[in-house]
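Have a look at the structure below, then the notes.
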Amino acid sequence: MEKRLQGLIEDFKKNEGNIISLLQETQEVFGYIPEEAVYRLSEELDMPASNFFGVATFYAQFYLKPRGKNIITACCGTACHVKGSDRIINSLKRDLNLADEQNTTEDKKFTLEQVACVGACSIAPVVIINKKVYGKMNSDKMAKELKALKEDGNE
Amino acid sequence: MGMKKLKVTIDGKTIEVPENTTVLDAARMLDIQIPTLCHHPKLTPFGGCRLCIVEIKGIPRPVTSCTTPASDGMEVTTSSPQMEDLRKTVLELILSDHPNDCMVCEKAGDCTLQELAYFYGIRENRFAGERRIYEKKDGNPFLERDMEKCILCGRCVKVCDEVQGVGAIDFTYRGFKSKICPPYEKDLNCEFCGQCVAVCPTGALTGKQWSLRGRQKDIKEIDTICPYCGTGCNITLHVRRNDVVRITSREDTWNEGWLCVKGRFGYKFINSPDRLKKPLIRITPKKDTGNRGYGDTEKNFTHSPIHPFTVSSNFREVSWNEALDYIAERLNDIKSKHGADAIGGLSSARCTNEENYLFQKFMRAAVGTNNVDHCARL
Amino acid sequence: MNKSITIQVCMGTGGMAAGGSEVLDAFESLMREKNIPAEFKKECSMHKVGCRGLCARDVLVDVIADNRRTIYQYIKPEMVERIVDEHIVGGNPVSEWQVDEDYHKFHEKQVKVVLSDCGNIDPEDINAYMAVDGYKAVEKVFASMTPEEVIDMIKKSGLRGRGGAGFPTGVKWEACRKAEAGQKYIICNADEGDPGAFMDRAVIEGNPHAVIEGMIIGAYAIGASKGYVYIRAEYPLAVERLKKAINVSRERGFLGKNIFGKGFDFDIKIKLGAGAFVCGEETALIASIEGQRGMPRAKPPFPVHRGLWGKPTVINNVETLANIPYIIKKGHEWFSSYGTEKSKGTKVFALTGKIKNSGLIEVPMGITLREIIYDIGGGIENEKALKAVQTGGPSGGCITTGMLDINMDYESLAKVGSIVGSGGMIVLDEDDCMVNVAKYFLQFTQSESCGKCVPCRIGTKRLLEIMDRITKGAGRQGDIELLEKLSNDIKAASLCGLGQTAPNPVLSTIKYFREEYEAHLQGKCPAKACNELLTYHIIEEFCKGCGACLRACPAGAITGEKKKPHTIAPEICIKCGACFDVCKFKAVGKE
């Protein structure tokens with residue numbers, strides 16, 4: 001961790017960096033924002049750790065816990081909403097056995113995220129699976145994709 | 001170049017104010033009261049509680065007086081049925097997310113929120129709903145944080161950052177889930193200066209030592225000077241039945257109401273039964289352990305069941321006259337045997353300038369040595 | 001054999017999702033395989049182009065042969081071979097895959113300014129932009145115009161901010177120009193957060209250089225040497241294309257030191273938003289660029305006087321900036337010939353929801369909603385009845401069927417309690433419950449509230465609680481009036497635009513659909529959309545006993561033998577609607 005953070009810190013000192021860009025880079029490196037990284041950055045750059053935590057919890061993009069191997073992002077934009085994104089999300093939650101506030105499955109294989117709008121409203125409802133955009137989704141299609149991913153993981 | 005003056009009319013009264021005066025400050029200069037919760041005169045304006053909204057001619061919507069700079073010719077109305085109605089809604093909303101436990105709250109009687117709720121006559125709450133529920137978990141001996149009572153005015157965050165330069169806490173999360181806390185919602189780990197407690201307008205932040213020690217109405221306030229260091233902060237003792245239950249500091253003093261952990265929380269010695277009130281003279285010779293005196297007492301401090309400085313078989317309580325005579329006698333003895341330079345004097349930062357001056361004068365003129373120093377010169 | 005062939009594949013986010021890059025790959029490899037002559041590169045070019053609006057029909061492919069353009073819709077990689085064989089080699093377009101008449105109708109009533117080059121040029125090629133007079137506006141400005149003249153021209157054009165508030169752009173620039181400071185900034189707000197709006201994404205993906213050119217002109221006009229584009233991280237393709245475009249533009253000397261040898265320095269940095277809708281608000285956006293929590297501060301002072309790092313700052317929306325080069329090139333008279341008296345030019349809308357031709361449209365300000373829905377949009381999907389159109393996203397309101405002849409401009413929309421906003425336009429049909437839609441928007445704004453001010457932080461939460469109980473059949477008498485009271489107070493007392501507009505969807509739906517709220521108080525959802533107010537049952541005469549619903553039911557509430565009508569046990573049913581969705585025989589009823 002030390003080494004990987006050092007690069008970020010040097011970059012920061014060279015450029016006009018700030019807490020948001022530091023956290024974005026930290027997340028790029030670790031996949032989430034590890035607590036130790038925050039303390040280390042805070043100490044090294046003489047900025048209160050409370051500011052890092054405040055920023056990290058303000059923006060939806062930052063994750064304080066490691067995420068699953070597969071990331072499923074369900075769009076909850078208006079167009080997706082009126083075209084039934086709720087049902088897709090509910091069925092996904094059931095399939096993945098996720099409790100209300102839970103995003104990542106116990107086995108860390110899947111993370112389900114909801115995002116306000118990915119701006120692909122014409123092909124609503126939209127689901128992004130591991131960065132690939134799927135348009136005109138429904139529970140059925142979703143179940144098939146999920147099944148494929150689950151089988152993939154078992155091999 | 002003279003300061004530009006701006007003419008502002010508030011509720012029909014006109015005043016000239018310097019540039020960069022806020023509407024709220026201008027109103028206060030005119031002795032016009034505008035309710036506020038998040039505003040603090042020593043901290044940067046926030047504009048979050050929305051209670052200080054006013055109407056300004058030419059601006060279509062109400063604006064917060066604490067953030068709006070006065071401009072020349074501005075016409076302000078601070079109170080109208082619509083403004084008062086909005087304030088009432090805002091207060092009701094705050095109270096809908098606040099425990100209704102004033103009867104046991106430490107802050108009752110000294111709480112801005114309670115006072116406003118009273119003046120706006122809020123009995124029933126049209127907006128009752130979900131409240132934030134938090135675990136209380138701080139283990140520190142100084143600050144009690146009851147975050148359910150926090151109204152997110154941000155004064156504590158700002159005082160910690162702007163005045164204390166520490167930044168131990170910040171706003172976290174957002175929206176209804178917003179919370180002010182240390183990183184990762186851990187216990188406070190800071191200087192415990194208690195500045196945050198001093199600026200909190202509700203019962204969210206209080207001193208642990210104050211708990212259940214008395215209501216504000218029973219308290220006599222006595223202004224004095226902090227005895228801890230040469231800074232000499234003005235403090236106000238809150239005394240109930242001759243017992244100091246809390247220390248605060250007034251904003252109009254030279255230290256602007258700010259204190260440190262010692263000045264704010266280190267007052268238990270005043271009423272402590274262990275406190276020395278009369279001089280003591282040692283009656284049995286000190287055992288030579290090879291260590292220099294203080295190490296000994298430190299050991300005693302932690303291990304001996306008998307306090308080293310209280311009257312015991314080793315010490316005899318004497319009058320000041322006897323004690324001073326004893327000191328003079330011993331100093332003269334040493335001086336005649338070993339010369340004046342065998343004596344050194346170390347003064348305390350807790351003394352005033354005048355006291356320190358007298359001390360060096362005494363060492364130089366009376367004892368006759370330049371061996372004089374001060375504990376603050378580290 | 002055709003002599004010169006151009007193939008254009010739509011590669012916006014919509015096109016990519018539908019498999020745009022696979023289609024382009026298929027064309028490329030097939031044409032190579034078929035050995036379409038070696039000089040093929042010269043004669044036959046393949047472009048990826050940005051969004052062309054009608055994303056619902058993606059992948060859209062244009063084949064231009066002998067100067068004749070044929071447009072194909074819904075193209076999948078496996079269909080490419082036939083197009084290559086029959087059309088490119090054989091010279092006979094595949095007629096059944098071509099777009100039908102309403103594709104052309106979709107475009108007929110549109111007037112394209114901002115989108116004029118989107119979908120026609122390769123967004124990753126600066127030469128393509130320059131071939132359509134790109135960067136000519138910058139050239140003109142530097143060669144012959146003072147900053148004051150630029151500002152004057154923009155003022156005369158009547159251009160108003162396209163991000164939502166509609167503030168006159170020239171006036172904003174002028175205020176910043178006049179502010180005295182050593183350093184000034186221009187910021188392009190590409191934090192398009194309205195759920196249901198994607199015009200900024202499409203413009204950046206389709207023509208990033210126009211936005212950059214607009215920023216250079218703006219910077220010159222106000223005297224800024226540094227610019228930022230604050231763009232959502234959720235738009236990876238747009239970010240990538242913008243990054244490339246900025247680099248190329250810098251290589252060509254349009255950005256950097258001493259532009260056109262006129263002693264003017266200007267450069268642009270990209271700042272990625274980190275996922276907070278409130279950062280679309282100017283002061284929150286500034287806080288975010290500075291690396292802080294995106295909490296707005298009170299205005300005044302306005303950013304044109306005290307903005308980024310305390311310096312005078314102009315913040316313009318993507319679409320606003322993309323208009324600038326065209327106004328400079330074609331003149332303010334040309335621009336202001338479109339639109340109404342107070343709303344000039346065109347506006348890009350994201351037409352989505354229950355509409356046949358869903359996509360991005362650009363229309364002259366003042367066009368009627370009827371023209372948009374029926375001429376451009378081709379009417380409502382699935383022969384359903386139009387119920388309302390929601391404009392302006394979570395800050396906007398709804399327009400009912402009785403107001404279809406309303407002119408789409410800032411003033412007319414404000415009059416009926418809605419806004420142009422950033423341009424989201426969601427079409428709702430008879431199956432949509434207006435209470436539910438209002439609750440949806442409120443849920444969004446409530447979760448995006450920054451938490452700084454009381455009316456927004458607690459007020460929107462309370463509004464949502466009331467809406468929630470109404471849609472669950474637990475509404476109380478007086479709730480509608482309470483909603484109105486609280487909504488109006490939140491609007492009046494909130495700190496920033498988010499709180500000041502958050503109650504709009506509630507107020508607007510109460511105003512036009514009060515009877516739906518009243519029905520919910522009686523325990524009925526007229527549109528049959530609020531699950532808690534419904535019961536599901538099986539209509540025996542339609543049920544074939546196929547068992548699809550039985551398998552789909554997550555609660556195990558459905559029983560029945562094969563090929564015999566099934567039944568739903570109401571006490572076990574969790575009202576998720578899975579059976580309703582899955583039944584092919586319309587045998588699941590909801591009441």
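Scheme for the structure tokens: letters A, B, ... for chains in order shown; per-chain residue numbers from 1; ligand numbers from 1 in order shown.
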- Any chance you could list, as an MDAnalysis selection string, the residues in region 155-254 of chain C that come up helix (DSSP H, G or I) when DSSP is run on the backbone? chainID C and resid 155:157 169:178 199:206 208:222 236:251
Output the selection as a compact mmCIF listing (two decimals), in the first residue's frame - C-alpha atoms for each residue.
# COMPACT_ATOMS: atom_id res chain seq x y z
CA LYS C 155 -26.21 39.63 -25.99
CA LYS C 156 -27.91 40.58 -29.25
CA SER C 157 -28.39 36.94 -30.20
CA THR C 169 -25.39 34.38 -21.47
CA GLY C 170 -24.10 37.71 -22.78
CA VAL C 171 -25.15 39.49 -19.59
CA LYS C 172 -23.31 36.91 -17.50
CA TRP C 173 -20.17 37.32 -19.60
CA GLU C 174 -20.37 41.07 -19.40
CA ALA C 175 -20.60 41.01 -15.59
CA CYS C 176 -17.54 38.80 -15.41
CA ARG C 177 -15.66 40.91 -17.97
CA LYS C 178 -16.26 43.98 -15.80
CA MET C 199 -28.24 16.14 -24.41
CA ASP C 200 -24.94 17.27 -22.95
CA ARG C 201 -23.57 13.78 -23.15
CA ALA C 202 -24.64 13.52 -26.76
CA VAL C 203 -23.12 16.88 -27.70
CA ILE C 204 -19.77 16.07 -26.12
CA GLU C 205 -19.74 12.58 -27.58
CA GLY C 206 -20.83 13.83 -30.99
CA PRO C 208 -16.59 17.87 -28.53
CA HIS C 209 -14.68 20.48 -30.52
CA ALA C 210 -17.71 22.76 -30.69
CA VAL C 211 -17.79 22.89 -26.90
CA ILE C 212 -14.07 23.61 -26.74
CA GLU C 213 -14.41 26.32 -29.37
CA GLY C 214 -17.27 27.88 -27.40
CA MET C 215 -15.11 27.86 -24.27
CA ILE C 216 -12.19 29.55 -26.03
CA ILE C 217 -14.48 32.30 -27.26
CA GLY C 218 -16.03 32.69 -23.82
CA ALA C 219 -12.60 32.82 -22.19
CA TYR C 220 -11.50 35.49 -24.65
CA ALA C 221 -14.65 37.50 -23.99
CA ILE C 222 -14.35 37.52 -20.21
CA PRO C 236 -16.90 7.49 -19.82
CA LEU C 237 -17.21 7.82 -23.60
CA ALA C 238 -17.82 11.55 -23.43
CA VAL C 239 -14.85 11.99 -21.07
CA GLU C 240 -12.58 10.03 -23.37
CA ARG C 241 -13.60 11.94 -26.49
CA LEU C 242 -13.31 15.27 -24.74
CA LYS C 243 -9.83 14.43 -23.45
CA LYS C 244 -8.71 13.53 -26.94
CA ALA C 245 -10.29 16.63 -28.42
CA ILE C 246 -8.60 18.94 -25.89
CA ASN C 247 -5.21 17.38 -26.60
CA VAL C 248 -5.59 17.68 -30.36
CA SER C 249 -6.89 21.20 -30.08
CA ARG C 250 -3.83 22.08 -28.02
CA GLU C 251 -1.54 20.49 -30.62
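Applying a distance limit of 12 Å to only C-alpha atoms, the residues of chain B near chain A read Val157, Cys160, Asp161, Gly165, Val166, Gly167, Ala168, Ile169, Asp170, Phe171, Thr172, Tyr173, Arg174, Gly175, Phe176, Lys177, Ser178, Lys179, Ile180, Cys181, Pro182, Pro183, Tyr184, Glu185, Lys186, Leu188, Asn189 and Cys190 of chain B.
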- Task: Check every residue of chain B for an atom within 9 Å of chain C, counting only C-alpha atoms, and provide those that qualify as a ChimeraX atom specification.
- Result: /B:46-51,53,61-64,67-69,85-87,89-91,93-94,96-97,126-130,151-154,171-178
- Item | Counting only C-alpha atoms, chain C residues within 8 Å of chain A, as a PyMOL selection string | chain C and resi 13-14+16-18+54-56+193-198+201+234-235+274-276+288+290-294+350-353+358-359+393+426+428+432+437+440-441+444+450+554+576-578
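Assigned to strand (DSSP E) in chain A, given DSSP computed from backbone atoms, are Asn70, Ile71, Ile72, Thr73, Ala74, Cys75, Phe110, Thr111, Leu112, Glu113, Gln114, Val115, Val127, Ile128, Ile129, Lys132, Val133 and Tyr134 of chain A.
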Could you save the residues just selected, with N, CA, C and O atoms, as an mmCIF file, in the first residue's frame?
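Produced file part.cif, reproduced below:
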data_model
loop_
_atom_site.group_PDB
_atom_site.id
_atom_site.type_symbol
_atom_site.label_atom_id
_atom_site.label_comp_id
_atom_site.auth_asym_id
_atom_site.auth_seq_id
_atom_site.Cartn_x
_atom_site.Cartn_y
_atom_site.Cartn_z
ATOM 1 N N ASN A 70 -18.144 -8.758 -9.905
ATOM 2 C CA ASN A 70 -18.980 -8.256 -10.994
ATOM 3 C C ASN A 70 -19.783 -7.055 -10.512
ATOM 4 O O ASN A 70 -20.397 -7.110 -9.449
ATOM 5 N N ILE A 71 -19.755 -5.993 -11.298
ATOM 6 C CA ILE A 71 -20.495 -4.799 -10.904
ATOM 7 C C ILE A 71 -21.708 -4.649 -11.823
ATOM 8 O O ILE A 71 -21.563 -4.538 -13.043
ATOM 9 N N ILE A 72 -22.860 -4.674 -11.219
ATOM 10 C CA ILE A 72 -24.078 -4.464 -11.991
ATOM 11 C C ILE A 72 -24.642 -3.105 -11.602
ATOM 12 O O ILE A 72 -24.917 -2.838 -10.437
ATOM 13 N N THR A 73 -24.755 -2.222 -12.561
ATOM 14 C CA THR A 73 -25.263 -0.885 -12.286
ATOM 15 C C THR A 73 -26.628 -0.740 -12.944
ATOM 16 O O THR A 73 -26.744 -0.799 -14.159
ATOM 17 N N ALA A 74 -27.635 -0.575 -12.116
ATOM 18 C CA ALA A 74 -28.978 -0.396 -12.660
ATOM 19 C C ALA A 74 -29.273 1.094 -12.736
ATOM 20 O O ALA A 74 -29.083 1.817 -11.767
ATOM 21 N N CYS A 75 -29.705 1.544 -13.901
ATOM 22 C CA CYS A 75 -30.037 2.950 -14.048
ATOM 23 C C CYS A 75 -31.429 3.191 -13.473
ATOM 24 O O CYS A 75 -32.357 2.434 -13.726
ATOM 25 N N PHE A 110 -20.796 -10.271 -6.469
ATOM 26 C CA PHE A 110 -21.604 -9.267 -7.152
ATOM 27 C C PHE A 110 -21.805 -8.006 -6.316
ATOM 28 O O PHE A 110 -21.990 -8.090 -5.105
ATOM 29 N N THR A 111 -21.743 -6.875 -6.991
ATOM 30 C CA THR A 111 -22.157 -5.638 -6.359
ATOM 31 C C THR A 111 -23.255 -5.036 -7.217
ATOM 32 O O THR A 111 -23.115 -4.944 -8.437
ATOM 33 N N LEU A 112 -24.348 -4.688 -6.582
ATOM 34 C CA LEU A 112 -25.443 -4.057 -7.296
ATOM 35 C C LEU A 112 -25.483 -2.580 -6.927
ATOM 36 O O LEU A 112 -25.561 -2.219 -5.760
ATOM 37 N N GLU A 113 -25.409 -1.748 -7.954
ATOM 38 C CA GLU A 113 -25.440 -0.319 -7.704
ATOM 39 C C GLU A 113 -26.608 0.299 -8.438
ATOM 40 O O GLU A 113 -27.034 -0.195 -9.467
ATOM 41 N N GLN A 114 -27.062 1.418 -7.886
ATOM 42 C CA GLN A 114 -28.106 2.143 -8.584
ATOM 43 C C GLN A 114 -27.578 3.526 -8.898
ATOM 44 O O GLN A 114 -26.942 4.154 -8.071
ATOM 45 N N VAL A 115 -27.802 3.974 -10.098
ATOM 46 C CA VAL A 115 -27.278 5.272 -10.474
ATOM 47 C C VAL A 115 -28.423 6.099 -11.049
ATOM 48 O O VAL A 115 -29.378 5.557 -11.611
ATOM 49 N N VAL A 127 -29.237 -1.333 -17.968
ATOM 50 C CA VAL A 127 -28.412 -1.925 -16.912
ATOM 51 C C VAL A 127 -26.985 -2.008 -17.458
ATOM 52 O O VAL A 127 -26.789 -2.354 -18.627
ATOM 53 N N ILE A 128 -26.038 -1.662 -16.628
ATOM 54 C CA ILE A 128 -24.641 -1.784 -17.041
ATOM 55 C C ILE A 128 -24.020 -2.935 -16.280
ATOM 56 O O ILE A 128 -24.046 -2.961 -15.056
ATOM 57 N N ILE A 129 -23.536 -3.905 -17.014
ATOM 58 C CA ILE A 129 -22.906 -5.050 -16.362
ATOM 59 C C ILE A 129 -21.423 -5.009 -16.710
ATOM 60 O O ILE A 129 -21.058 -5.089 -17.885
ATOM 61 N N LYS A 132 -20.390 -2.772 -19.536
ATOM 62 C CA LYS A 132 -21.062 -2.890 -20.817
ATOM 63 C C LYS A 132 -22.529 -2.475 -20.643
ATOM 64 O O LYS A 132 -23.194 -2.912 -19.715
ATOM 65 N N VAL A 133 -22.988 -1.634 -21.561
ATOM 66 C CA VAL A 133 -24.338 -1.098 -21.453
ATOM 67 C C VAL A 133 -25.344 -2.039 -22.118
ATOM 68 O O VAL A 133 -25.169 -2.434 -23.267
ATOM 69 N N TYR A 134 -26.372 -2.429 -21.386
ATOM 70 C CA TYR A 134 -27.463 -3.235 -21.943
ATOM 71 C C TYR A 134 -28.735 -2.391 -21.934
ATOM 72 O O TYR A 134 -29.164 -1.920 -20.890
#
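By chain and then residue number, the residues within 10 Å of region 265-267 of chain B are Pro141, Phe142, Leu143, Phe192, Cys193, Gly194, Gly207, Lys208, Gln209, Trp210, Cys226, Pro227, Tyr228, Leu237, Val244, Val245, Arg246, Ile247, Thr248, Leu259, Cys260, Val261, Lys262, Gly263, Phe269, Ile270, Asn271 and Ser272 of chain B, counting only C-alpha atoms and disregarding those fewer than 2 positions away in sequence.
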- Item | Point-to-point distance from CA of Glu148 (chain B) to CA of Ala99 (chain A), Å rounded to tenths | 25.7 Å
- Would you mind listing what lies within 9 Å of region 6-15 of chain A as a count of residues only, with only C-alpha atoms counted and same-chain residues fewer than 4 positions away left out? 9
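Note that the spacing between CA of Gly497 (chain C) and CA of Leu95 (chain B) amounts to 24.1 Å.
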- Message: Env of Ile268 (chain C): 7 Å cut, atoms = only C-alpha atoms, seq-sep filter 6 positions within chain, self excluded. Answer as a VMD selection string.
- Response: chain C and resid 226 to 228
